[in-house]
Every structure is written in structure tokens, then in C-alpha cells.
Amino acid sequence: MRTVDDSPLYSADFFADQDPWAYLNELRTESPVSLHRRADGYEFYALTTYEDVRDAYIDHVNLSSSYGTMIDGSFIPQEDTASGRMLIVADEPAHGRIKKPVKQSGFNRGMIESIGRTVSRNIATSLNGLSVGDHIDFTTHVAPELPKGVLEVLFGVGPADAAELLQATRTMIGYRDANYSGAAPLDSLVDAQQEILDFIDDLIGQRQRTGDDSDMIGFLASCVSRGEMTRDVALLNGLNVAVGGNETTPHTASLSIHTIDAHPDEWSKVTSGEADLDLATEEFLRWTSTNTYVQRLSLNEVSFGEATIPPRSFVTLWNMAANRDPDVFDRPDEFVIDRPHNRQIAFGAGVHRCIGAPVATLEIKMFLDALRSWDKEFAVLEPPRRLRSNFMLGFTELQVEVIPARKS
Ligand code: HEM
């Protein structure tokens with residue numbers, strides 16, 4: 001097993017300025033399980049094959065989420081402060097107890113349909129406001145419309161409040177990128193987190209007073225009122241859903257615009273009706289792999305192929321590497337818009353598989369649908385500014401020009 005000192009996988013700059021895909025491809029081929037060390041003593045194992053990543057997701061008994069799912073989440077193996085109380089950092093059985101009311105209230109069929117309609121309306125309004133010749137930064141003009149629609153429905157707030165919440169979650173996740181956080185990243189992380197918690201706390205209070213439980217926050221507030229959930233659990237999971245929903249799909253949308261620009265022939269298969277929109281959506285999710293990895297802590301010895309990982313080790317599951325595994329995907333490094341039998345693993349697997357996956361998939365599908373029926377399109381003007389993060393792939397700036405749609 002390869003050991004890498006001063007690994008680039010720690011480095012946000014590496015992900016912004018170099019080619020992490022090539023690095024992970026090389027790791028998958030040469031040392032599918034590897035150990036990454038930093039001079040200050042932090043170390044983690046990296047899984048890069050589809051099979052190992054999927055197996056690790058499914059093994060939630062030996063691989064715990066309670067110690068933080070991001071590198072550096074906890075420097076030494078100690079439980080995350082929200083451990084056992086927030087979905088993403090809870091193990092069973094606490095995780096299952098929290099997931100049930102969140103899923104029931106936020107991710108049922110009616111809610112998902114309502115989110116689809118709201119997101120569709122927001123995207124249409126945004127695109128219809130653009131004229132041929134306009135130059136815009138796609139990341140700030142159109143991309144935020146996707147999560148805004150989700151927040152409007154799940155949190156029962158208006159577009160202005162949704163936009164404010166979106167800004168705070170952006171700072172929280174992108175805090176290592178000076179574009180979002182300014183000069184003092186850790187201060188801005190703490191401030192942003194507090195702002196979101198205050199916002200959600202106010203909403204819970206309001207819903208408890210009115211008794212309106214028609215949206216997710218209202219339902220969680222009613223669980224608090226009935227004594228079925230503590231207020232901090234309602235708060236932390238409102239935060240988890242807001243962050244999960246806000247800091248993913250806008251990046252996927254921006255990366256998708258860049259992909260369309262780079263692969264006009266593939267995209268023309270969608271505009272001509274030759275390629276199915278559901279298949280295209282899956283391929284955009286595989287190709288963009290917005291959430292690069294998640295982390296676990298091994299509670300017991302675990303094995304992947306010939307590699308053995310000792311107890312109390314951090315293990316990282318590289319979604320982006322799994323999504324380009326040649327054992328699972330034919331021509332993995334090519335963007336094939338009508339790829340059949342796409343088993344992309346961008347949303348993870350097992351009990352923690354993204355609760356928002358149906359929502360995110362619908363958002364991206366609605367977005368692609370709006371683009372294909374638009375009488376204009378975006379032409380990328382200059383290389384985008386990539387987000388400085390090893391956890392999320394995305395852009396902080398994508399300058400585009402609005403041009404008439406090219407006929408397919
Ligand atoms: C392209 C978009 C998205 C991607 C790539 C993505 C990716 C992921 C991944 C890989 C996980 C598993 C984490 C783990 O196993 O530790 C996850 C969990 C989660 N996601 Fe997403 N996500 C997306 C969109 C969303 C949306 C739209 C929402 C909410 C509206 C959301 C909310 C969550 C939540 C609450 C969890 C925790 C689930 C649990 O631990 O049970 N995500 N997401």
C-alpha cells in the first residue's frame with residue numbers, strides 16, 4: 001500500500017489549480033487503498049475503486065460517521081460536536097430516528113413535486129430575464145435559483161430570506177476560499193454557522209406559535225412541541241438540510257454549463273431529442289461529482305482487497321474516483337451524455353445516502369430541461385475560477401455570454 005507524505009488530497013489549492021482527476025486515477029490504478037500523511041500528524045486512508053467506496057458506505061457498523069465526515073473535521077479521533085444529533089454525523093440507531101421525520105416531512109412525494117415546480121419557475125424567470133449579448137457570472141446569476149427553490153418549499157420562506165440563507169451556507173462550506181470568507185476563514189465559518197442557526201431557530205419559534213406544520217421546518221417544530229425531538233436536533237438537521245441542499249446543486253449546475261460548452265456535440269443530442277433527459281441527468285451527476293469524498297472512522301479492523309486498515313483510522317471514500325472507475329464505467333474519462341446503465345455514486349450509498357438525492361436529481365433535470373427549450377444558450381468566455389476546496393468541486397466565478405441557441 002502506498003504511503004503519501006504531504007499528500008495533495010489535503011490541499012484545497014491542489015483541487016483548484018491542478019488535476020485531481022488524474023491524480024486519483026493514478027492512485028486507483030497503482031494503489032487503490034493508500035495512506036496519506038501530513039507533517040502535523042493527521043493521516044487518513046483513501047479508497048478509490050468503486051467497489052471499495054460502495055462497500056465502505058454500506059458498512060456503517062465498522063465505519064462510523066460520528067467523528068466528522070470531512071478531513072480536519074476533528075483533528076484527533078474524537079466525536080464531532082453534533083455527533084448523534086445531526087444526520088450526517090450520527091450512527092445507528094440515532095441516525096434512523098432522526099432520518100424518519102426529516103424524510104417524512106421534507107422528502108415525500110408531494111414536497112418533491114412542489115420543489116420541482118418552484119425550481120422550474122425560478123430557473124425560467126432567471127433565463128427569461130436574459131438577452132442575447134448579456135455577460136453574466138453564471139455562479140451568482142442563475143445557479144443560486146436551484147437551491148433557492150428548495151429552501152422556499154422546505155423552510156416555507158420567501159425568495160429574499162432564501163437568498164440570505166444561501167449566502168451564509170456558502171461561506172460556511174467554502175470558508176477556505178477567500179472569495180467567500182475574506183481574510184479570516186475560521187471567524188467567518190463560526191459567524192456563518194451562527195447566522196444559519198439563529199435563522200432556523202427563529203423559524204422554529206414562529207412555526208410553534210402558529211402551529212403551521214405544512215413544511216419541513218414546521219413539522220420538525222411540531223415534533224419539538226410534542227416532545228418527540230429536542231430543539232437542538234431540529235436546529236442541527238435544519239442546518240444539515242440547508243447546507244446539503246445549498247452547497248451542491250449550484251456547483252453541479254455551473255459545472256454542467258462548463259461541460260455543455262466543452263462538449264457541444266454531446267449536448268446537441270439532448271436538444272435534438274436523441275438523448276433521454278434522465279440519462280443525461282445521471283451522466284452530469286457522474287461527470288461533475290460535486291461532493292468529492294466523505295470521511296469515516298474505523299471502529300474495528302477493516303479490509304479492502306488486500307489492504308487492512310487498523311481500528312481508529314480515518315478512512316476517506318472518494319466519490320469522484322469511484323465515478324471514473326473503468327471496472328464499472330465504459331470510457332470513464334469521457335462525457336457520454338446518453339450513457340446507459342449509469343451506476344454513478346455521487347450521492348453515496350447505504351443508510352447515509354443523500355436524503356436530498358431525488359430533489360437534487362429533479363433540480364438538475366429541470367435545469368437541463370429549461371436549457372434545452374431555451375431559445376438562447378451560454379457561451380463560456382474565460383476559464384472559470386475553481387472553488388478552493390478538496391471537499392466540493394465547483395466554481396466561484398463562471399463568466400458567460402448569452403448567445404442565440406445554435407440549431408441542432
Ligand atoms: C448534486 C447534489 C448533491 C450531491 C452530490 C450530494 C451528495 C451527498 C453525499 C455523498 C451524501 C452522503 C454523505 C455521507 O455518507 O457521509 C449526502 C448526504 C446528505 N445530503 Fe446530499 N448531495 C446533493 C444534494 C443534496 C440536496 C439537494 C439536499 C437537501 C435538500 C441534500 C442533503 C443531504 C443531507 C441532509 C445528507 C445527510 C444524509 C444522512 O446522513 O442520512 N443533499 N449528500
# chains A, B, ... in the order shown; residues from 1 in each chain; ligands from 1

$ residues_near_ligand --ligand "ligand 1" --cutoff "6 Å" --atoms "only C-alpha atoms and all ligand atoms" --output "list in words"
Thr69, Leu87, Ile88, Asn240, Val241, Gly244, Gly245, Thr248, Thr249, Thr252, Ser289, Thr290, Asn291, Val294, Ala346, Phe347, Gly348, His352, Arg353, Cys354, Ile355, Gly356, Ala357, Val359 and Ala360 of chain A

$ write_last_selection --atoms "N, CA and C atoms" --output "PDB file, in the first residue's frame"
ATOM      1  N   THR A  69     -17.346  13.975   8.912  1.00  0.00           N
ATOM      2  CA  THR A  69     -17.277  13.388   7.569  1.00  0.00           C
ATOM      3  C   THR A  69     -16.383  14.193   6.635  1.00  0.00           C
ATOM      4  N   LEU A  87     -27.966  14.335  11.201  1.00  0.00           N
ATOM      5  CA  LEU A  87     -27.942  13.163  10.309  1.00  0.00           C
ATOM      6  C   LEU A  87     -26.551  12.748   9.866  1.00  0.00           C
ATOM      7  N   ILE A  88     -25.829  13.707   9.291  1.00  0.00           N
ATOM      8  CA  ILE A  88     -24.576  13.370   8.625  1.00  0.00           C
ATOM      9  C   ILE A  88     -23.521  12.814   9.589  1.00  0.00           C
ATOM     10  N   ASN A 240     -28.292  20.946   8.527  1.00  0.00           N
ATOM     11  CA  ASN A 240     -27.751  19.903   7.650  1.00  0.00           C
ATOM     12  C   ASN A 240     -28.440  19.923   6.285  1.00  0.00           C
ATOM     13  N   VAL A 241     -29.774  20.058   6.301  1.00  0.00           N
ATOM     14  CA  VAL A 241     -30.508  20.064   5.029  1.00  0.00           C
ATOM     15  C   VAL A 241     -30.185  21.344   4.238  1.00  0.00           C
ATOM     16  N   GLY A 244     -26.599  20.904   2.926  1.00  0.00           N
ATOM     17  CA  GLY A 244     -26.591  19.832   1.920  1.00  0.00           C
ATOM     18  C   GLY A 244     -27.261  20.279   0.633  1.00  0.00           C
ATOM     19  N   GLY A 245     -28.325  21.027   0.760  1.00  0.00           N
ATOM     20  CA  GLY A 245     -29.079  21.442  -0.420  1.00  0.00           C
ATOM     21  C   GLY A 245     -28.455  22.619  -1.137  1.00  0.00           C
ATOM     22  N   THR A 248     -24.385  22.198  -3.109  1.00  0.00           N
ATOM     23  CA  THR A 248     -24.118  21.110  -4.043  1.00  0.00           C
ATOM     24  C   THR A 248     -24.669  21.447  -5.430  1.00  0.00           C
ATOM     25  N   THR A 249     -25.999  21.516  -5.543  1.00  0.00           N
ATOM     26  CA  THR A 249     -26.605  21.646  -6.877  1.00  0.00           C
ATOM     27  C   THR A 249     -26.192  22.919  -7.641  1.00  0.00           C
ATOM     28  N   THR A 252     -23.082  21.910  -9.224  1.00  0.00           N
ATOM     29  CA  THR A 252     -23.362  20.945 -10.301  1.00  0.00           C
ATOM     30  C   THR A 252     -23.865  21.695 -11.542  1.00  0.00           C
ATOM     31  N   SER A 289     -19.508  15.052 -10.161  1.00  0.00           N
ATOM     32  CA  SER A 289     -19.178  14.526  -8.820  1.00  0.00           C
ATOM     33  C   SER A 289     -18.873  15.648  -7.817  1.00  0.00           C
ATOM     34  N   THR A 290     -19.826  16.513  -7.637  1.00  0.00           N
ATOM     35  CA  THR A 290     -19.613  17.735  -6.846  1.00  0.00           C
ATOM     36  C   THR A 290     -19.015  17.471  -5.459  1.00  0.00           C
ATOM     37  N   ASN A 291     -19.531  16.458  -4.762  1.00  0.00           N
ATOM     38  CA  ASN A 291     -19.004  16.123  -3.428  1.00  0.00           C
ATOM     39  C   ASN A 291     -17.886  15.085  -3.622  1.00  0.00           C
ATOM     40  N   VAL A 294     -16.239  11.514   1.242  1.00  0.00           N
ATOM     41  CA  VAL A 294     -16.695  11.647   2.631  1.00  0.00           C
ATOM     42  C   VAL A 294     -15.726  10.852   3.511  1.00  0.00           C
ATOM     43  N   ALA A 346     -22.524   9.480  -6.960  1.00  0.00           N
ATOM     44  CA  ALA A 346     -22.319  10.856  -6.469  1.00  0.00           C
ATOM     45  C   ALA A 346     -23.063  11.121  -5.162  1.00  0.00           C
ATOM     46  N   PHE A 347     -24.136  10.392  -4.901  1.00  0.00           N
ATOM     47  CA  PHE A 347     -24.927  10.618  -3.683  1.00  0.00           C
ATOM     48  C   PHE A 347     -24.554   9.652  -2.555  1.00  0.00           C
ATOM     49  N   GLY A 348     -23.487   8.879  -2.735  1.00  0.00           N
ATOM     50  CA  GLY A 348     -23.113   7.918  -1.708  1.00  0.00           C
ATOM     51  C   GLY A 348     -24.002   6.683  -1.793  1.00  0.00           C
ATOM     52  N   HIS A 352     -26.643   6.431   4.889  1.00  0.00           N
ATOM     53  CA  HIS A 352     -26.417   7.882   4.789  1.00  0.00           C
ATOM     54  C   HIS A 352     -26.597   8.402   3.365  1.00  0.00           C
ATOM     55  N   ARG A 353     -26.991   7.512   2.425  1.00  0.00           N
ATOM     56  CA  ARG A 353     -27.122   8.001   1.035  1.00  0.00           C
ATOM     57  C   ARG A 353     -27.940   9.291   1.056  1.00  0.00           C
ATOM     58  N   CYS A 354     -27.471  10.256   0.284  1.00  0.00           N
ATOM     59  CA  CYS A 354     -28.047  11.605   0.290  1.00  0.00           C
ATOM     60  C   CYS A 354     -29.569  11.584   0.367  1.00  0.00           C
ATOM     61  N   ILE A 355     -30.093  12.168   1.420  1.00  0.00           N
ATOM     62  CA  ILE A 355     -31.550  12.229   1.585  1.00  0.00           C
ATOM     63  C   ILE A 355     -32.167  13.134   0.521  1.00  0.00           C
ATOM     64  N   GLY A 356     -31.346  14.058   0.019  1.00  0.00           N
ATOM     65  CA  GLY A 356     -31.829  15.005  -0.994  1.00  0.00           C
ATOM     66  C   GLY A 356     -31.615  14.516  -2.419  1.00  0.00           C
ATOM     67  N   ALA A 357     -31.195  13.255  -2.602  1.00  0.00           N
ATOM     68  CA  ALA A 357     -30.884  12.777  -3.962  1.00  0.00           C
ATOM     69  C   ALA A 357     -32.056  12.948  -4.939  1.00  0.00           C
ATOM     70  N   VAL A 359     -34.402  15.098  -4.846  1.00  0.00           N
ATOM     71  CA  VAL A 359     -34.584  16.540  -5.057  1.00  0.00           C
ATOM     72  C   VAL A 359     -33.486  17.074  -5.983  1.00  0.00           C
ATOM     73  N   ALA A 360     -32.244  16.688  -5.687  1.00  0.00           N
ATOM     74  CA  ALA A 360     -31.116  17.167  -6.496  1.00  0.00           C
ATOM     75  C   ALA A 360     -31.244  16.684  -7.933  1.00  0.00           C
TER      76      ALA A 360
END

$ closest_atom_pairs --of "stretch 113-185 of chain A" --to "stretch 367-384 of chain A" --cutoff "12 Å" --atoms "only C-alpha atoms" --output "Markdown table"
| residue | atom | partner | partner_atom | distance |
| --- | --- | --- | --- | --- |
| A:Gly116 | CA | A:Phe367 | CA | 9.9 |
| A:Arg117 | CA | A:Phe367 | CA | 11.4 |
| A:Thr118 | CA | A:Phe367 | CA | 11.7 |
| A:Val119 | CA | A:Phe367 | CA | 8.2 |
| A:Ser120 | CA | A:Phe367 | CA | 7.1 |
| A:Arg121 | CA | A:Ala370 | CA | 9.6 |
| A:Asn122 | CA | A:Phe367 | CA | 9.9 |
| A:Ile123 | CA | A:Phe367 | CA | 6.9 |
| A:Ala124 | CA | A:Ala370 | CA | 6.7 |
| A:Thr125 | CA | A:Ala370 | CA | 10.4 |
| A:Ser126 | CA | A:Ala370 | CA | 10.5 |
| A:Leu127 | CA | A:Trp374 | CA | 7.9 |
| A:Asn128 | CA | A:Trp374 | CA | 8.5 |
| A:Gly129 | CA | A:Lys376 | CA | 11.5 |
| A:Leu130 | CA | A:Lys376 | CA | 8.9 |
| A:Ser131 | CA | A:Lys376 | CA | 8.3 |
| A:Val132 | CA | A:Lys376 | CA | 7.2 |
| A:Gly133 | CA | A:Phe378 | CA | 10.0 |
| A:Asp134 | CA | A:Phe378 | CA | 9.7 |
| A:His135 | CA | A:Leu381 | CA | 8.6 |
| A:Ile136 | CA | A:Phe378 | CA | 9.5 |
| A:Asp137 | CA | A:Pro384 | CA | 9.6 |
| A:Phe138 | CA | A:Phe378 | CA | 9.0 |
| A:Thr139 | CA | A:Pro384 | CA | 9.8 |
| A:Val142 | CA | A:Phe367 | CA | 9.9 |
| A:Ala143 | CA | A:Phe367 | CA | 9.4 |
| A:Pro144 | CA | A:Phe367 | CA | 11.6 |
| A:Glu145 | CA | A:Phe367 | CA | 9.6 |
| A:Leu146 | CA | A:Phe367 | CA | 7.9 |
| A:Pro147 | CA | A:Phe367 | CA | 11.5 |
| A:Gly149 | CA | A:Phe367 | CA | 11.9 |

$ closest_residue --among "A:Ser7, A:Ser298, A:Ser34, A:Asn25" --to "A:Asp59" --atoms "only C-alpha atoms"
A:Ser298

$ select_by_dssp --residues "stretch 33-72 of chain A" --states "strand (DSSP E or B)" --output "mmCIF file with all heavy atoms, in the first residue's frame"
data_model
loop_
_atom_site.group_PDB
_atom_site.id
_atom_site.type_symbol
_atom_site.label_atom_id
_atom_site.label_comp_id
_atom_site.auth_asym_id
_atom_site.auth_seq_id
_atom_site.Cartn_x
_atom_site.Cartn_y
_atom_site.Cartn_z
ATOM 1 N N VAL A 33 -5.926 1.391 -2.379
ATOM 2 C CA VAL A 33 -6.040 1.880 -0.996
ATOM 3 C C VAL A 33 -4.690 2.503 -0.661
ATOM 4 O O VAL A 33 -3.649 1.883 -0.896
ATOM 5 C CB VAL A 33 -6.359 0.737 -0.007
ATOM 6 C CG1 VAL A 33 -6.501 1.286 1.409
ATOM 7 C CG2 VAL A 33 -7.617 -0.015 -0.423
ATOM 8 N N SER A 34 -4.678 3.721 -0.151
ATOM 9 C CA SER A 34 -3.400 4.396 0.138
ATOM 10 C C SER A 34 -3.513 5.148 1.459
ATOM 11 O O SER A 34 -4.619 5.450 1.926
ATOM 12 C CB SER A 34 -3.036 5.355 -1.006
ATOM 13 O OG SER A 34 -4.149 6.142 -1.357
ATOM 14 N N LEU A 35 -2.347 5.427 2.036
ATOM 15 C CA LEU A 35 -2.325 6.137 3.322
ATOM 16 C C LEU A 35 -1.711 7.521 3.100
ATOM 17 O O LEU A 35 -0.648 7.645 2.492
ATOM 18 C CB LEU A 35 -1.489 5.347 4.328
ATOM 19 C CG LEU A 35 -1.264 5.992 5.698
ATOM 20 C CD1 LEU A 35 -2.596 6.247 6.417
ATOM 21 C CD2 LEU A 35 -0.384 5.095 6.583
ATOM 22 N N HIS A 36 -2.411 8.553 3.583
ATOM 23 C CA HIS A 36 -1.976 9.944 3.352
ATOM 24 C C HIS A 36 -1.635 10.595 4.685
ATOM 25 O O HIS A 36 -2.446 10.562 5.611
ATOM 26 C CB HIS A 36 -3.090 10.711 2.616
ATOM 27 C CG HIS A 36 -3.356 10.094 1.281
ATOM 28 N ND1 HIS A 36 -2.939 10.650 0.116
ATOM 29 C CD2 HIS A 36 -3.956 8.908 0.946
ATOM 30 C CE1 HIS A 36 -3.271 9.853 -0.893
ATOM 31 N NE2 HIS A 36 -3.893 8.785 -0.406
ATOM 32 N N ARG A 37 -0.426 11.189 4.724
ATOM 33 C CA ARG A 37 0.070 11.727 5.997
ATOM 34 C C ARG A 37 0.392 13.189 5.837
ATOM 35 O O ARG A 37 0.826 13.637 4.780
ATOM 36 C CB ARG A 37 1.359 11.025 6.387
ATOM 37 C CG ARG A 37 1.136 9.637 6.865
ATOM 38 C CD ARG A 37 2.332 9.177 7.707
ATOM 39 N NE ARG A 37 2.009 7.926 8.349
ATOM 40 C CZ ARG A 37 2.725 6.818 8.234
ATOM 41 N NH1 ARG A 37 3.832 6.808 7.527
ATOM 42 N NH2 ARG A 37 2.361 5.731 8.864
ATOM 43 N N GLU A 43 -3.620 11.866 9.574
ATOM 44 C CA GLU A 43 -3.480 10.895 8.491
ATOM 45 C C GLU A 43 -4.805 10.213 8.195
ATOM 46 O O GLU A 43 -5.675 10.118 9.065
ATOM 47 C CB GLU A 43 -2.386 9.868 8.795
ATOM 48 C CG GLU A 43 -2.649 8.993 9.995
ATOM 49 C CD GLU A 43 -1.556 7.920 10.152
ATOM 50 O OE1 GLU A 43 -0.366 8.264 10.026
ATOM 51 O OE2 GLU A 43 -1.915 6.748 10.399
ATOM 52 N N PHE A 44 -4.959 9.813 6.955
ATOM 53 C CA PHE A 44 -6.178 9.084 6.578
ATOM 54 C C PHE A 44 -5.871 8.094 5.458
ATOM 55 O O PHE A 44 -4.912 8.280 4.699
ATOM 56 C CB PHE A 44 -7.294 10.048 6.140
ATOM 57 C CG PHE A 44 -6.976 10.873 4.920
ATOM 58 C CD1 PHE A 44 -7.115 10.355 3.639
ATOM 59 C CD2 PHE A 44 -6.550 12.190 5.054
ATOM 60 C CE1 PHE A 44 -6.835 11.117 2.519
ATOM 61 C CE2 PHE A 44 -6.258 12.959 3.934
ATOM 62 C CZ PHE A 44 -6.404 12.426 2.667
ATOM 63 N N TYR A 45 -6.690 7.072 5.367
ATOM 64 C CA TYR A 45 -6.629 6.139 4.235
ATOM 65 C C TYR A 45 -7.570 6.650 3.154
ATOM 66 O O TYR A 45 -8.607 7.246 3.463
ATOM 67 C CB TYR A 45 -7.072 4.733 4.684
ATOM 68 C CG TYR A 45 -6.066 4.078 5.609
ATOM 69 C CD1 TYR A 45 -6.065 4.353 6.976
ATOM 70 C CD2 TYR A 45 -5.111 3.210 5.101
ATOM 71 C CE1 TYR A 45 -5.126 3.778 7.819
ATOM 72 C CE2 TYR A 45 -4.171 2.629 5.945
ATOM 73 C CZ TYR A 45 -4.183 2.916 7.297
ATOM 74 O OH TYR A 45 -3.246 2.347 8.113
ATOM 75 N N ALA A 46 -7.206 6.392 1.889
ATOM 76 C CA ALA A 46 -8.064 6.816 0.782
ATOM 77 C C ALA A 46 -8.488 5.604 -0.037
ATOM 78 O O ALA A 46 -7.636 4.812 -0.465
ATOM 79 C CB ALA A 46 -7.316 7.811 -0.109
ATOM 80 N N LEU A 47 -9.819 5.454 -0.227
ATOM 81 C CA LEU A 47 -10.354 4.381 -1.076
ATOM 82 C C LEU A 47 -10.725 4.998 -2.418
ATOM 83 O O LEU A 47 -11.387 6.052 -2.448
ATOM 84 C CB LEU A 47 -11.616 3.767 -0.449
ATOM 85 C CG LEU A 47 -11.517 3.307 1.012
ATOM 86 C CD1 LEU A 47 -12.868 2.728 1.463
ATOM 87 C CD2 LEU A 47 -10.423 2.252 1.170
ATOM 88 N N LEU A 63 -17.606 1.363 10.126
ATOM 89 C CA LEU A 63 -17.097 2.676 9.702
ATOM 90 C C LEU A 63 -18.076 3.746 10.170
ATOM 91 O O LEU A 63 -19.193 3.871 9.651
ATOM 92 C CB LEU A 63 -16.923 2.690 8.172
ATOM 93 C CG LEU A 63 -15.793 1.775 7.694
ATOM 94 C CD1 LEU A 63 -15.891 1.504 6.196
ATOM 95 C CD2 LEU A 63 -14.422 2.374 8.030
ATOM 96 N N SER A 64 -17.644 4.502 11.155
ATOM 97 C CA SER A 64 -18.544 5.438 11.829
ATOM 98 C C SER A 64 -18.536 6.820 11.186
ATOM 99 O O SER A 64 -17.501 7.309 10.724
ATOM 100 C CB SER A 64 -18.093 5.563 13.293
ATOM 101 O OG SER A 64 -18.734 6.652 13.898
#

$ residues_around --residues "A:Gln295" --least-positions-apart "2" --cutoff "8 Å" --atoms "only C-alpha atoms" --output "list of chain:residue names"
A:Ser65, A:Gly68, A:Thr69, A:Met70, A:Ile71, A:Tyr293, A:Leu297, A:Phe314, A:Val315, A:Thr316, A:Leu317

$ write_last_selection --atoms "all heavy atoms" --output "CSV table (one decimal), in the first residue's frame"
chain,number,residue,atom,x,y,z
A,65,SER,N,-19.7,7.5,11.2
A,65,SER,CA,-19.8,8.8,10.7
A,65,SER,C,-19.7,9.9,11.9
A,65,SER,O,-19.7,11.1,11.6
A,65,SER,CB,-21.2,9.0,10.1
A,65,SER,OG,-21.3,8.3,8.9
A,68,GLY,N,-17.0,13.0,12.3
A,68,GLY,CA,-16.8,14.0,11.3
A,68,GLY,C,-16.6,13.4,9.9
A,68,GLY,O,-15.9,12.5,9.7
A,69,THR,N,-17.3,14.0,8.9
A,69,THR,CA,-17.3,13.4,7.6
A,69,THR,C,-16.4,14.2,6.6
A,69,THR,O,-16.3,13.9,5.4
A,69,THR,CB,-18.7,13.2,7.0
A,69,THR,OG1,-19.3,14.5,7.0
A,69,THR,CG2,-19.5,12.2,7.7
A,70,MET,N,-15.7,15.2,7.2
A,70,MET,CA,-14.7,16.0,6.4
A,70,MET,C,-13.3,15.8,7.0
A,70,MET,O,-13.2,15.8,8.2
A,70,MET,CB,-15.1,17.5,6.4
A,70,MET,CG,-16.2,17.8,5.4
A,70,MET,SD,-16.8,19.5,5.7
A,70,MET,CE,-15.5,20.4,4.8
A,71,ILE,N,-12.3,15.8,6.1
A,71,ILE,CA,-10.9,15.8,6.6
A,71,ILE,C,-10.8,17.0,7.5
A,71,ILE,O,-11.2,18.1,7.1
A,71,ILE,CB,-9.9,15.8,5.4
A,71,ILE,CG1,-10.1,14.5,4.6
A,71,ILE,CG2,-8.5,16.1,5.9
A,71,ILE,CD1,-9.3,14.6,3.3
A,293,TYR,N,-15.5,13.6,-1.7
A,293,TYR,CA,-15.3,12.4,-0.8
A,293,TYR,C,-16.1,12.6,0.4
A,293,TYR,O,-16.7,13.7,0.7
A,293,TYR,CB,-13.8,12.3,-0.4
A,293,TYR,CG,-13.4,13.4,0.6
A,293,TYR,CD1,-13.5,13.1,2.0
A,293,TYR,CD2,-13.1,14.7,0.3
A,293,TYR,CE1,-13.3,14.1,3.0
A,293,TYR,CE2,-12.8,15.6,1.2
A,293,TYR,CZ,-12.9,15.3,2.6
A,293,TYR,OH,-12.7,16.3,3.5
A,297,LEU,N,-14.6,6.9,10.4
A,297,LEU,CA,-13.6,6.4,11.3
A,297,LEU,C,-13.8,4.9,11.5
A,297,LEU,O,-14.9,4.5,11.8
A,297,LEU,CB,-13.6,7.2,12.7
A,297,LEU,CG,-12.4,6.8,13.6
A,297,LEU,CD1,-11.2,7.6,13.3
A,297,LEU,CD2,-12.8,6.9,15.1
A,314,PHE,N,-8.9,7.2,10.2
A,314,PHE,CA,-9.8,7.9,9.3
A,314,PHE,C,-9.7,7.2,8.0
A,314,PHE,O,-8.6,6.9,7.5
A,314,PHE,CB,-9.4,9.4,9.2
A,314,PHE,CG,-9.8,10.2,10.4
A,314,PHE,CD1,-8.9,10.9,11.2
A,314,PHE,CD2,-11.1,10.2,10.8
A,314,PHE,CE1,-9.3,11.6,12.3
A,314,PHE,CE2,-11.5,11.0,11.9
A,314,PHE,CZ,-10.6,11.7,12.6
A,315,VAL,N,-10.9,7.0,7.3
A,315,VAL,CA,-10.9,6.4,6.0
A,315,VAL,C,-11.7,7.4,5.1
A,315,VAL,O,-12.8,7.8,5.5
A,315,VAL,CB,-11.7,5.1,6.1
A,315,VAL,CG1,-11.7,4.4,4.7
A,315,VAL,CG2,-11.0,4.2,7.1
A,316,THR,N,-11.2,7.7,3.9
A,316,THR,CA,-11.9,8.6,3.0
A,316,THR,C,-12.4,7.8,1.8
A,316,THR,O,-11.7,7.0,1.3
A,316,THR,CB,-11.1,9.8,2.6
A,316,THR,OG1,-9.8,9.3,2.1
A,316,THR,CG2,-10.8,10.7,3.7
A,317,LEU,N,-13.7,8.1,1.4
A,317,LEU,CA,-14.3,7.4,0.3
A,317,LEU,C,-14.4,8.4,-0.8
A,317,LEU,O,-15.2,9.3,-0.7
A,317,LEU,CB,-15.7,6.9,0.8
A,317,LEU,CG,-15.9,5.9,1.8
A,317,LEU,CD1,-15.1,6.1,3.1
A,317,LEU,CD2,-17.4,5.7,2.2

$ closest_residue --among "A:Arg343, A:Gly84, A:Arg312, A:Cys223" --to "A:Gln208" --atoms "only C-alpha atoms"
A:Cys223

$ residues_around --residues "stretch 96-100 of chain A" --least-positions-apart "6" --cutoff "9 Å" --atoms "only C-alpha atoms" --output "list of chain:residue names"
A:Arg85, A:Met86, A:Leu87, A:Ala90, A:Met229, A:Val233, A:Ala234, A:Asn237, A:Val351, A:Ile355

$ write_last_selection --atoms "C-alpha atoms" --output "PDB file, in the first residue's frame"
ATOM      1  CA  ARG A  85     -27.752  14.661  16.827  1.00  0.00           C
ATOM      2  CA  MET A  86     -27.275  15.617  13.164  1.00  0.00           C
ATOM      3  CA  LEU A  87     -27.942  13.163  10.309  1.00  0.00           C
ATOM      4  CA  ALA A  90     -24.969  10.235  13.520  1.00  0.00           C
ATOM      5  CA  MET A 229     -37.499  15.799  19.270  1.00  0.00           C
ATOM      6  CA  VAL A 233     -31.854  18.219  16.962  1.00  0.00           C
ATOM      7  CA  ALA A 234     -34.457  20.164  14.933  1.00  0.00           C
ATOM      8  CA  ASN A 237     -30.911  18.990  10.997  1.00  0.00           C
ATOM      9  CA  VAL A 351     -28.035   4.464   5.269  1.00  0.00           C
ATOM     10  CA  ILE A 355     -31.550  12.229   1.585  1.00  0.00           C
TER      11      ILE A 355
END

$ residues_around --residues "stretch 255-265 of chain A" --least-positions-apart "4" --cutoff "7 Å" --atoms "only C-alpha atoms" --output "PyMOL selection string"
chain A and resi 251+269+284+288+379-380+394

$ closest_residue --among "A:Asn62, A:Thr140, A:Asn319, A:Thr271" --to "A:Ala405" --atoms "only C-alpha atoms"
A:Thr271

$ closest_atom_pairs --of "stretch 4-93 of chain A" --to "stretch 323-337 of chain A" --cutoff "9 Å" --atoms "only C-alpha atoms" --output "JSON lines"
{"residue": "A:Trp21", "atom": "CA", "partner": "A:Arg324", "partner_atom": "CA", "distance": 8.5}
{"residue": "A:Asn25", "atom": "CA", "partner": "A:Arg324", "partner_atom": "CA", "distance": 7.7}
{"residue": "A:Arg28", "atom": "CA", "partner": "A:Asp325", "partner_atom": "CA", "distance": 7.9}
{"residue": "A:Thr48", "atom": "CA", "partner": "A:Asp325", "partner_atom": "CA", "distance": 8.2}
{"residue": "A:Thr49", "atom": "CA", "partner": "A:Asp325", "partner_atom": "CA", "distance": 6.1}
{"residue": "A:Tyr50", "atom": "CA", "partner": "A:Asp325", "partner_atom": "CA", "distance": 6.0}
{"residue": "A:Glu51", "atom": "CA", "partner": "A:Val328", "partner_atom": "CA", "distance": 8.8}
